[in-house]
$ cat entry-v7.pdb   # PDB, C-alpha atoms and all ligand atoms
ATOM      1  CA  MET A  61     101.138  69.938 116.136
ATOM      2  CA  GLY A  62     102.158  69.217 112.523
ATOM      3  CA  ALA A  63     105.043  70.795 110.633
ATOM      4  CA  PRO A  64     104.765  74.591 110.512
ATOM      5  CA  VAL A  65     103.613  76.517 107.448
ATOM      6  CA  GLY A  66     105.392  79.850 107.039
ATOM      7  CA  ARG A  67     105.167  82.500 104.383
ATOM      8  CA  PHE A  68     107.046  85.157 102.476
ATOM      9  CA  ALA A  69     104.754  88.133 101.911
ATOM     10  CA  PRO A  70     106.850  90.728 100.095
ATOM     11  CA  THR A  71     105.514  93.917  98.561
ATOM     12  CA  PRO A  72     106.846  94.014  95.000
ATOM     13  CA  SER A  73     107.615  97.719  94.932
ATOM     14  CA  GLY A  74     111.384  97.477  94.432
ATOM     15  CA  ARG A  75     114.318  95.136  94.777
ATOM     16  CA  MET A  76     114.748  93.338  98.103
ATOM     17  CA  HIS A  77     116.835  95.303 100.562
ATOM     18  CA  LEU A  78     118.719  93.899 103.508
ATOM     19  CA  GLY A  79     115.810  94.320 105.922
ATOM     20  CA  ASN A  80     113.598  92.157 103.697
ATOM     21  CA  VAL A  81     116.391  89.642 103.237
ATOM     22  CA  PHE A  82     116.851  89.374 106.981
ATOM     23  CA  ALA A  83     113.136  88.852 107.735
ATOM     24  CA  ALA A  84     112.863  86.331 104.872
ATOM     25  CA  LEU A  85     115.937  84.469 106.110
ATOM     26  CA  ILE A  86     114.662  84.155 109.689
ATOM     27  CA  GLY A  87     111.184  83.133 108.502
ATOM     28  CA  TRP A  88     112.718  80.465 106.254
ATOM     29  CA  LEU A  89     115.109  79.205 108.948
ATOM     30  CA  SER A  90     112.443  79.011 111.626
ATOM     31  CA  VAL A  91     110.151  76.907 109.437
ATOM     32  CA  LYS A  92     112.798  74.795 107.701
ATOM     33  CA  SER A  93     114.624  73.976 110.928
ATOM     34  CA  LYS A  94     111.360  72.299 112.003
ATOM     35  CA  GLY A  95     110.760  70.519 108.682
ATOM     36  CA  GLY A  96     107.963  72.860 107.602
ATOM     37  CA  SER A  97     106.959  74.525 104.322
ATOM     38  CA  LEU A  98     106.584  78.069 102.997
ATOM     39  CA  VAL A  99     104.037  79.891 100.883
ATOM     40  CA  LEU A 100     105.004  82.889  98.741
ATOM     41  CA  ARG A 101     102.474  85.682  98.248
ATOM     42  CA  MET A 102     102.927  89.014  96.504
ATOM     43  CA  GLU A 103     101.337  91.822  98.499
ATOM     44  CA  ASP A 104     100.490  94.144  95.642
ATOM     45  CA  LEU A 105      97.349  95.874  96.937
ATOM     46  CA  ASP A 106      98.990  99.183  96.096
ATOM     47  CA  THR A 107      98.919  98.703  92.343
ATOM     48  CA  GLN A 108     100.469 102.152  91.745
ATOM     49  CA  ARG A 109     103.707 101.219  93.469
ATOM     50  CA  THR A 110     103.980  97.530  92.632
ATOM     51  CA  SER A 111     104.627  95.602  89.424
ATOM     52  CA  GLU A 112     105.062  92.088  88.069
ATOM     53  CA  GLU A 113     108.656  93.016  87.110
ATOM     54  CA  PHE A 114     109.473  93.659  90.750
ATOM     55  CA  ALA A 115     107.614  90.469  91.737
ATOM     56  CA  GLU A 116     109.781  88.477  89.347
ATOM     57  CA  ALA A 117     112.934  90.178  90.640
ATOM     58  CA  LEU A 118     111.889  89.209  94.196
ATOM     59  CA  ARG A 119     111.471  85.569  93.171
ATOM     60  CA  GLN A 120     114.913  85.610  91.570
ATOM     61  CA  ASP A 121     116.411  87.299  94.645
ATOM     62  CA  LEU A 122     114.945  84.653  96.979
ATOM     63  CA  LYS A 123     116.293  81.909  94.708
ATOM     64  CA  TRP A 124     119.728  83.517  94.635
ATOM     65  CA  LEU A 125     119.701  83.506  98.438
ATOM     66  CA  GLY A 126     118.687  79.828  98.493
ATOM     67  CA  LEU A 127     115.402  80.649 100.259
ATOM     68  CA  ASP A 128     113.000  78.393  98.416
ATOM     69  CA  TRP A 129     109.243  78.141  98.813
ATOM     70  CA  ASP A 130     106.763  75.334  98.259
ATOM     71  CA  SER A 131     103.870  77.155  96.591
ATOM     72  CA  GLU A 132     102.831  80.628  95.488
ATOM     73  CA  THR A 133      99.307  81.905  96.076
ATOM     74  CA  PRO A 134      97.698  84.496  93.739
ATOM     75  CA  PRO A 135      98.735  88.120  94.338
ATOM     76  CA  GLN A 136      96.466  90.241  96.503
ATOM     77  CA  SER A 137      95.500  92.563  93.645
ATOM     78  CA  ARG A 138      93.564  89.671  92.097
ATOM     79  CA  ARG A 139      91.741  88.567  95.203
ATOM     80  CA  SER A 140      89.196  91.255  95.927
ATOM     81  CA  LYS A 141      86.305  88.790  95.365
ATOM     82  CA  VAL A 142      87.718  86.596  98.119
ATOM     83  CA  TYR A 143      88.108  89.607 100.421
ATOM     84  CA  ASP A 144      84.483  90.613  99.625
ATOM     85  CA  ARG A 145      83.291  87.423 101.335
ATOM     86  CA  TYR A 146      85.124  88.253 104.542
ATOM     87  CA  PHE A 147      84.053  91.882 104.413
ATOM     88  CA  ASP A 148      80.451  90.625 104.196
ATOM     89  CA  LEU A 149      81.067  88.381 107.170
ATOM     90  CA  LEU A 150      81.986  91.447 109.240
ATOM     91  CA  ALA A 151      78.969  93.323 107.902
ATOM     92  CA  ASP A 152      76.668  90.398 108.820
ATOM     93  CA  GLN A 153      77.982  90.545 112.376
ATOM     94  CA  GLY A 154      77.060  94.246 112.533
ATOM     95  CA  LEU A 155      80.691  95.213 113.032
ATOM     96  CA  LEU A 156      81.224  97.574 110.080
ATOM     97  CA  TYR A 157      80.335 101.219 109.645
ATOM     98  CA  PRO A 158      81.084 103.807 106.967
ATOM     99  CA  CYS A 159      83.666 106.444 107.842
ATOM    100  CA  TYR A 160      83.762 109.786 106.027
ATOM    101  CA  CYS A 161      86.697 111.344 107.863
ATOM    102  CA  THR A 162      89.290 113.005 105.669
ATOM    103  CA  ARG A 163      92.990 112.426 106.146
ATOM    104  CA  SER A 164      93.496 115.842 107.733
ATOM    105  CA  GLN A 165      90.579 115.312 110.152
ATOM    106  CA  LEU A 166      92.059 111.990 111.171
ATOM    107  CA  HIS A 167      95.359 113.578 112.033
ATOM    108  CA  SER A 168      93.957 116.554 113.877
ATOM    109  CA  VAL A 169      91.299 114.757 115.955
ATOM    110  CA  ASN A 170      92.938 111.498 116.931
ATOM    111  CA  ALA A 171      95.647 110.722 119.458
ATOM    112  CA  PRO A 172      98.842 109.001 118.290
ATOM    113  CA  HIS A 173      98.779 105.215 118.227
ATOM    114  CA  LEU A 174     101.049 103.867 120.900
ATOM    115  CA  SER A 175     102.768 101.231 118.831
ATOM    116  CA  ASP A 176     103.456 102.564 115.365
ATOM    117  CA  GLY A 177     103.039 106.305 115.248
ATOM    118  CA  THR A 178      99.635 106.272 113.526
ATOM    119  CA  TYR A 179      96.540 107.499 115.376
ATOM    120  CA  VAL A 180      93.947 105.956 117.683
ATOM    121  CA  TYR A 181      90.618 106.450 115.936
ATOM    122  CA  ALA A 182      88.287 108.371 118.239
ATOM    123  CA  GLY A 183      85.117 106.865 116.750
ATOM    124  CA  THR A 184      83.955 110.054 115.016
ATOM    125  CA  CYS A 185      81.758 108.215 112.479
ATOM    126  CA  ARG A 186      80.732 105.276 114.680
ATOM    127  CA  ASN A 187      77.317 106.567 115.635
ATOM    128  CA  LEU A 188      76.295 108.743 112.706
ATOM    129  CA  THR A 189      72.588 108.648 111.886
ATOM    130  CA  GLU A 190      71.361 107.562 108.470
ATOM    131  CA  ALA A 191      70.574 111.211 107.679
ATOM    132  CA  GLN A 192      74.091 112.327 108.640
ATOM    133  CA  ARG A 193      75.583 109.606 106.436
ATOM    134  CA  ASN A 194      73.428 110.602 103.501
ATOM    135  CA  ALA A 195      74.560 114.204 103.828
ATOM    136  CA  PHE A 196      78.113 113.313 102.706
ATOM    137  CA  ASP A 197      78.667 113.435  98.984
ATOM    138  CA  ARG A 198      81.656 111.147  98.948
ATOM    139  CA  ALA A 199      82.220 107.407  99.168
ATOM    140  CA  PRO A 200      83.114 106.187 102.656
ATOM    141  CA  ALA A 201      85.846 103.933 103.909
ATOM    142  CA  PHE A 202      84.633 101.093 106.160
ATOM    143  CA  ARG A 203      85.844 100.528 109.680
ATOM    144  CA  VAL A 204      85.470  97.496 111.901
ATOM    145  CA  LYS A 205      84.438  98.102 115.507
ATOM    146  CA  VAL A 206      86.929  96.871 118.042
ATOM    147  CA  PRO A 207      86.145  95.720 121.588
ATOM    148  CA  ASP A 208      87.711  97.004 124.791
ATOM    149  CA  LYS A 209      89.866  93.906 124.871
ATOM    150  CA  GLU A 210      93.535  93.293 125.457
ATOM    151  CA  MET A 211      95.109  91.129 122.769
ATOM    152  CA  VAL A 212      98.216  89.238 123.835
ATOM    153  CA  VAL A 213     100.917  88.250 121.358
ATOM    154  CA  GLU A 214     103.381  85.622 122.582
ATOM    155  CA  ASP A 215     106.114  86.534 120.157
ATOM    156  CA  LEU A 216     108.970  84.151 119.336
ATOM    157  CA  CYS A 217     111.393  87.071 119.352
ATOM    158  CA  GLN A 218     109.848  89.912 121.363
ATOM    159  CA  GLY A 219     108.259  87.911 124.193
ATOM    160  CA  THR A 220     104.841  89.005 125.442
ATOM    161  CA  TYR A 221     103.322  92.032 123.724
ATOM    162  CA  ARG A 222      99.954  93.392 124.831
ATOM    163  CA  GLN A 223      97.661  95.848 123.119
ATOM    164  CA  ASN A 224      94.195  96.953 124.107
ATOM    165  CA  LEU A 225      92.412  97.410 120.796
ATOM    166  CA  ALA A 226      89.990 100.114 121.911
ATOM    167  CA  ALA A 227      92.538 102.169 123.844
ATOM    168  CA  GLN A 228      95.602 101.762 121.649
ATOM    169  CA  CYS A 229      94.208 101.322 118.165
ATOM    170  CA  GLY A 230      90.509 102.152 117.848
ATOM    171  CA  ASP A 231      88.139 101.023 115.108
ATOM    172  CA  PHE A 232      90.268 100.443 112.037
ATOM    173  CA  VAL A 233      89.725 100.671 108.294
ATOM    174  CA  VAL A 234      89.247  97.398 106.405
ATOM    175  CA  ARG A 235      88.207  98.862 103.043
ATOM    176  CA  ARG A 236      89.276 102.226 101.697
ATOM    177  CA  ALA A 237      86.920 104.740 100.123
ATOM    178  CA  ASP A 238      88.146 103.729  96.662
ATOM    179  CA  GLY A 239      87.063 100.140  97.359
ATOM    180  CA  VAL A 240      90.572  98.729  97.860
ATOM    181  CA  TYR A 241      90.907  96.367 100.817
ATOM    182  CA  VAL A 242      93.557  97.247 103.342
ATOM    183  CA  TYR A 243      96.551  95.211 104.366
ATOM    184  CA  GLN A 244      95.068  94.128 107.736
ATOM    185  CA  LEU A 245      92.108  92.380 106.160
ATOM    186  CA  ALA A 246      93.953  90.969 103.137
ATOM    187  CA  VAL A 247      96.828  89.559 105.158
ATOM    188  CA  THR A 248      94.482  87.901 107.664
ATOM    189  CA  VAL A 249      92.384  86.284 104.946
ATOM    190  CA  ASP A 250      95.393  85.173 102.907
ATOM    191  CA  ASP A 251      97.323  83.720 105.835
ATOM    192  CA  GLY A 252      94.177  82.034 107.140
ATOM    193  CA  LEU A 253      93.185  80.444 103.821
ATOM    194  CA  ALA A 254      96.760  79.311 103.126
ATOM    195  CA  GLY A 255      96.861  77.546 106.520
ATOM    196  CA  VAL A 256      99.822  79.648 107.680
ATOM    197  CA  THR A 257     100.833  78.707 111.221
ATOM    198  CA  GLU A 258     103.935  80.910 111.601
ATOM    199  CA  VAL A 259     104.249  84.593 110.678
ATOM    200  CA  VAL A 260     107.786  85.988 110.756
ATOM    201  CA  ARG A 261     108.354  89.594 109.687
ATOM    202  CA  GLY A 262     109.911  92.891 110.736
ATOM    203  CA  MET A 263     109.410  94.383 114.181
ATOM    204  CA  ASP A 264     107.652  97.359 112.548
ATOM    205  CA  LEU A 265     104.579  95.124 112.133
ATOM    206  CA  LEU A 266     104.318  93.960 115.752
ATOM    207  CA  GLY A 267     101.660  96.620 116.392
ATOM    208  CA  SER A 268      99.529  95.125 113.595
ATOM    209  CA  ALA A 269      99.428  91.625 115.055
ATOM    210  CA  PRO A 270      96.608  92.374 117.558
ATOM    211  CA  ARG A 271      94.369  93.694 114.749
ATOM    212  CA  GLN A 272      95.088  90.606 112.702
ATOM    213  CA  MET A 273      94.425  88.316 115.684
ATOM    214  CA  TYR A 274      91.108  90.050 116.251
ATOM    215  CA  LEU A 275      90.104  89.520 112.590
ATOM    216  CA  GLN A 276      91.275  85.888 112.795
ATOM    217  CA  GLU A 277      88.815  85.368 115.643
ATOM    218  CA  LEU A 278      85.977  86.971 113.685
ATOM    219  CA  PHE A 279      86.791  84.897 110.578
ATOM    220  CA  ASP A 280      87.232  81.696 112.574
ATOM    221  CA  PHE A 281      90.903  81.178 111.676
ATOM    222  CA  SER A 282      93.405  79.860 114.221
ATOM    223  CA  HIS A 283      96.047  82.288 115.444
ATOM    224  CA  PRO A 284      99.467  81.705 113.917
ATOM    225  CA  VAL A 285     102.615  81.937 116.008
ATOM    226  CA  TYR A 286     104.323  85.318 115.521
ATOM    227  CA  GLY A 287     107.999  86.209 115.367
ATOM    228  CA  HIS A 288     108.816  89.908 114.866
ATOM    229  CA  VAL A 289     112.485  90.277 114.055
ATOM    230  CA  PRO A 290     114.581  93.381 114.839
ATOM    231  CA  MET A 291     115.026  96.140 112.295
ATOM    232  CA  LEU A 292     118.380  96.644 110.610
ATOM    233  CA  ILE A 293     119.936 100.043 111.143
ATOM    234  CA  ALA A 294     122.788 101.670 109.233
ATOM    235  CA  PRO A 295     125.740 102.968 111.309
ATOM    236  CA  ASP A 296     124.360 106.522 111.019
ATOM    237  CA  GLY A 297     121.112 105.427 112.717
ATOM    238  CA  ARG A 298     118.931 105.232 109.607
ATOM    239  CA  ARG A 299     116.588 102.300 109.193
ATOM    240  CA  LEU A 300     117.521 100.432 106.024
ATOM    241  CA  SER A 301     114.843 100.868 103.429
ATOM    242  CA  LYS A 302     114.146 100.594  99.755
ATOM    243  CA  ARG A 303     115.676 104.020  99.294
ATOM    244  CA  ASP A 304     119.099 102.654 100.131
ATOM    245  CA  LYS A 305     119.963 101.552  96.621
ATOM    246  CA  ASP A 306     123.434 100.514  97.702
ATOM    247  CA  MET A 307     121.853  97.945 100.013
ATOM    248  CA  ASP A 308     119.510  96.302  97.548
ATOM    249  CA  LEU A 309     120.088  92.915  96.052
ATOM    250  CA  GLY A 310     120.815  94.283  92.598
ATOM    251  CA  PHE A 311     123.933  95.913  94.013
ATOM    252  CA  LEU A 312     124.799  93.146  96.463
ATOM    253  CA  GLN A 313     124.638  90.419  93.808
ATOM    254  CA  GLN A 314     127.305  92.277  91.844
ATOM    255  CA  ASN A 315     129.569  92.640  94.854
ATOM    256  CA  THR A 316     129.278  89.570  97.040
ATOM    257  CA  THR A 317     127.999  85.985  97.176
ATOM    258  CA  ALA A 318     124.781  84.747  98.762
ATOM    259  CA  GLU A 319     126.784  82.691 101.279
ATOM    260  CA  LYS A 320     128.882  85.673 102.383
ATOM    261  CA  LEU A 321     125.792  87.822 102.751
ATOM    262  CA  LEU A 322     123.885  85.179 104.740
ATOM    263  CA  GLY A 323     126.888  84.537 106.964
ATOM    264  CA  PHE A 324     127.259  88.255 107.622
ATOM    265  CA  LEU A 325     123.553  88.634 108.531
ATOM    266  CA  ALA A 326     123.563  85.475 110.655
ATOM    267  CA  TYR A 327     126.682  86.565 112.529
ATOM    268  CA  THR A 328     125.529  90.153 113.088
ATOM    269  CA  SER A 329     122.144  88.977 114.369
ATOM    270  CA  GLY A 330     123.585  86.400 116.799
ATOM    271  CA  ILE A 331     122.733  83.140 114.999
ATOM    272  CA  ILE A 332     126.354  82.045 114.428
ATOM    273  CA  ASP A 333     129.550  82.862 116.289
ATOM    274  CA  ALA A 334     131.844  83.813 113.387
ATOM    275  CA  PRO A 335     131.241  85.789 110.169
ATOM    276  CA  GLU A 336     131.869  82.856 107.823
ATOM    277  CA  ALA A 337     130.255  82.225 104.428
ATOM    278  CA  VAL A 338     127.380  79.792 104.895
ATOM    279  CA  SER A 339     124.363  78.566 102.916
ATOM    280  CA  ALA A 340     120.775  78.892 104.113
ATOM    281  CA  LYS A 341     120.555  75.098 104.411
ATOM    282  CA  GLU A 342     123.640  74.983 106.644
ATOM    283  CA  LEU A 343     122.221  77.765 108.816
ATOM    284  CA  ALA A 344     118.983  75.809 109.304
ATOM    285  CA  THR A 345     120.880  73.244 111.387
ATOM    286  CA  GLU A 346     122.175  75.973 113.733
ATOM    287  CA  PHE A 347     119.138  78.225 113.999
ATOM    288  CA  ALA A 348     117.576  78.873 117.413
ATOM    289  CA  TRP A 349     115.272  81.782 118.265
ATOM    290  CA  GLU A 350     116.995  82.198 121.660
ATOM    291  CA  ASN A 351     120.211  83.305 119.954
ATOM    292  CA  LEU A 352     118.619  85.980 117.816
ATOM    293  CA  LYS A 353     119.081  89.587 118.952
ATOM    294  CA  LYS A 354     115.858  91.265 119.994
ATOM    295  CA  THR A 355     116.537  94.940 119.440
ATOM    296  CA  ASP A 356     117.593  96.992 116.408
ATOM    297  CA  ILE A 357     120.681  95.552 114.737
ATOM    298  CA  CYS A 358     123.335  97.941 113.519
ATOM    299  CA  LEU A 359     124.758  96.721 110.249
ATOM    300  CA  ASP A 360     127.994  98.089 108.886
ATOM    301  CA  ILE A 361     127.787  96.764 105.354
ATOM    302  CA  THR A 362     131.334  97.853 104.542
ATOM    303  CA  GLN A 363     132.493  94.894 106.676
ATOM    304  CA  LEU A 364     130.980  92.592 104.080
ATOM    305  CA  PHE A 365     133.306  93.866 101.380
ATOM    306  CA  THR A 366     136.561  93.787 103.336
TER     307      THR A 366
HETATM  308  N1  LIG B 401     104.016  93.026 102.677
HETATM  309  C1  LIG B 401     104.636  93.469 103.878
HETATM  310  C2  LIG B 401     106.015  94.028 103.569
HETATM  311  O1  LIG B 401     106.566  93.765 102.518
HETATM  312  C3  LIG B 401     104.784  92.377 104.897
HETATM  313  C4  LIG B 401     103.502  92.031 105.509
HETATM  314  C5  LIG B 401     103.555  90.886 106.470
HETATM  315  O2  LIG B 401     104.565  90.175 106.535
HETATM  316  O3  LIG B 401     102.553  90.673 107.156
HETATM  317  O4  LIG B 401     106.533  94.757 104.377
END
$ encode --input "entry-v7.pdb" --output "structure tokens" --more "lines below"
Ligand code: GLU
Amino acid sequence: MGAPVGRFAPTPSGRMHLGNVFAALIGWLSVKSKGGSLVLRMEDLDTQRTSEEFAEALRQDLKWLGLDWDSETPPQSRRSKVYDRYFDLLADQGLLYPCYCTRSQLHSVNAPHLSDGTYVYAGTCRNLTEAQRNAFDRAPAFRVKVPDKEMVVEDLCQGTYRQNLAAQCGDFVVRRADGVYVYQLAVTVDDGLAGVTEVVRGMDLLGSAPRQMYLQELFDFSHPVYGHVPMLIAPDGRRLSKRDKDMDLGFLQQNTTAEKLLGFLAYTSGIIDAPEAVSAKELATEFAWENLKKTDICLDITQLFT
């Protein structure tokens, strides 16, 4: 196998927070420690929440951290023509159907999804007749039919993860009623066309990997290797998120150095033995997946400032 190709796939809806930094760091280390390259892609499908200003801030934040990339592919908001081709491929295989369910119907009728708290789609619109479809006066979303098949993810961090698509996920939406493609389709197409061989991201997306692997098979892309890294948790049990302004890079850049921050993250997550200031390049020589913690990591950020 050649050198790995990894990717950063941030959503430019705010400054990077520590959870993003951590996932980006591990993705960079995993690829760079094996002499590979990285692609940067802005995941801006949600044009209401994202902006080029945030995208530029993300690029600057990655540079400040010393996490460089080799190329940047066009943002998702400009790629709907490309996604159209793959949508058509699913349609040609007879795997798509229009779904007219409203949000409230979806939540009342369907059982919770086992992996991420969303629902398992019960197939309400799968077998509607042409006449039933015509009776709706609204535009449909489109769902892809899933088989009764267990997908197996051999994760670099989480070990073996199994999900039966029919039982634990159900037919899933690939294009919304307003015509916007959903994350699952866009990410599969983008990673596939960019030749990505290694996908490293937060543990919250582990449940998405089987859907993406299924689409990869339908689109004739190879499966990448996955590594789903633990979530960072504040001492009070909250998951760090974009709402934690005190944890975003705007604040951190004023109050610490990139090397101190990286050393703190690397130490807290098990990569190095002491909380010393260290550059990303130096960490690449020490990185090993075996040393990385596998479950939620509690991060007491005050330790960084003492
Ligand atoms: N854009 C997603 C995020 O910022 C990441 C998607 C992925 O890595 O597959 O959370």
$ residues_near_ligand --input "entry-v7.pdb" --ligand "ligand LIG 401 (chain B)" --cutoff "7 Å" --atoms "all atoms listed in the file" --output "ChimeraX atom specification"
/A:68-71,103,247,259-261,265
$ atom_distance --input "entry-v7.pdb" --atom1 "atom CA of A:Asp280" --atom2 "atom CA of A:Asp251"
12.3 Å
$ resolve_selection --input "entry-v7.pdb" --expression "the PyMOL selection byres (((chain A and resi 217-231) around 8) and not hetatm)" --output "ChimeraX atom specification"
/A:173-175,179-183,203-216,232-233,267,270-271,287-289,349-350,352,354
$ closest_residue --input "entry-v7.pdb" --among "A:Asp296, A:Glu277, A:Glu342, A:Glu336" --to "A:Leu150" --atoms "all atoms listed in the file"
A:Glu277
$ resolve_selection --input "entry-v7.pdb" --expression "the PyMOL selection byres (((chain A and resi 97) around 6) and not hetatm)" --output "list of chain:residue names"
A:Val65, A:Gly96, A:Leu98
$ atom_distance --input "entry-v7.pdb" --atom1 "atom CA of A:Gln120" --atom2 "atom CA of A:Thr366"
26.0 Å
$ residues_around --input "entry-v7.pdb" --residues "A:Pro200" --least-positions-apart "4" --cutoff "10 Å" --atoms "all atoms listed in the file" --output "tab-separated table (two decimals) with C-alpha atoms, in the coordinates of the input"
chain	number	residue	atom	x	y	z
A	157	TYR	CA	80.33	101.22	109.64
A	158	PRO	CA	81.08	103.81	106.97
A	159	CYS	CA	83.67	106.44	107.84
A	160	TYR	CA	83.76	109.79	106.03
A	161	CYS	CA	86.70	111.34	107.86
A	162	THR	CA	89.29	113.00	105.67
A	193	ARG	CA	75.58	109.61	106.44
A	196	PHE	CA	78.11	113.31	102.71
A	235	ARG	CA	88.21	98.86	103.04
A	236	ARG	CA	89.28	102.23	101.70
A	237	ALA	CA	86.92	104.74	100.12
A	238	ASP	CA	88.15	103.73	96.66
A	239	GLY	CA	87.06	100.14	97.36
$ residues_near_point --input "entry-v7.pdb" --point "(117.2, 79.1, 98.2)" --cutoff "12 Å" --atoms "only C-alpha atoms" --output "number ranges by chain"
A: 81, 84-85, 88-89, 92, 98, 119-130, 318-319, 322, 339-344
$ atom_distance --input "entry-v7.pdb" --atom1 "atom CA of A:Glu112" --atom2 "atom CA of A:Ser140"
17.7 Å
$ closest_residue --input "entry-v7.pdb" --among "A:Pro284, A:Gly154, A:Pro290, A:Gly255" --to "A:Gly330" --atoms "only C-alpha atoms"
A:Pro290
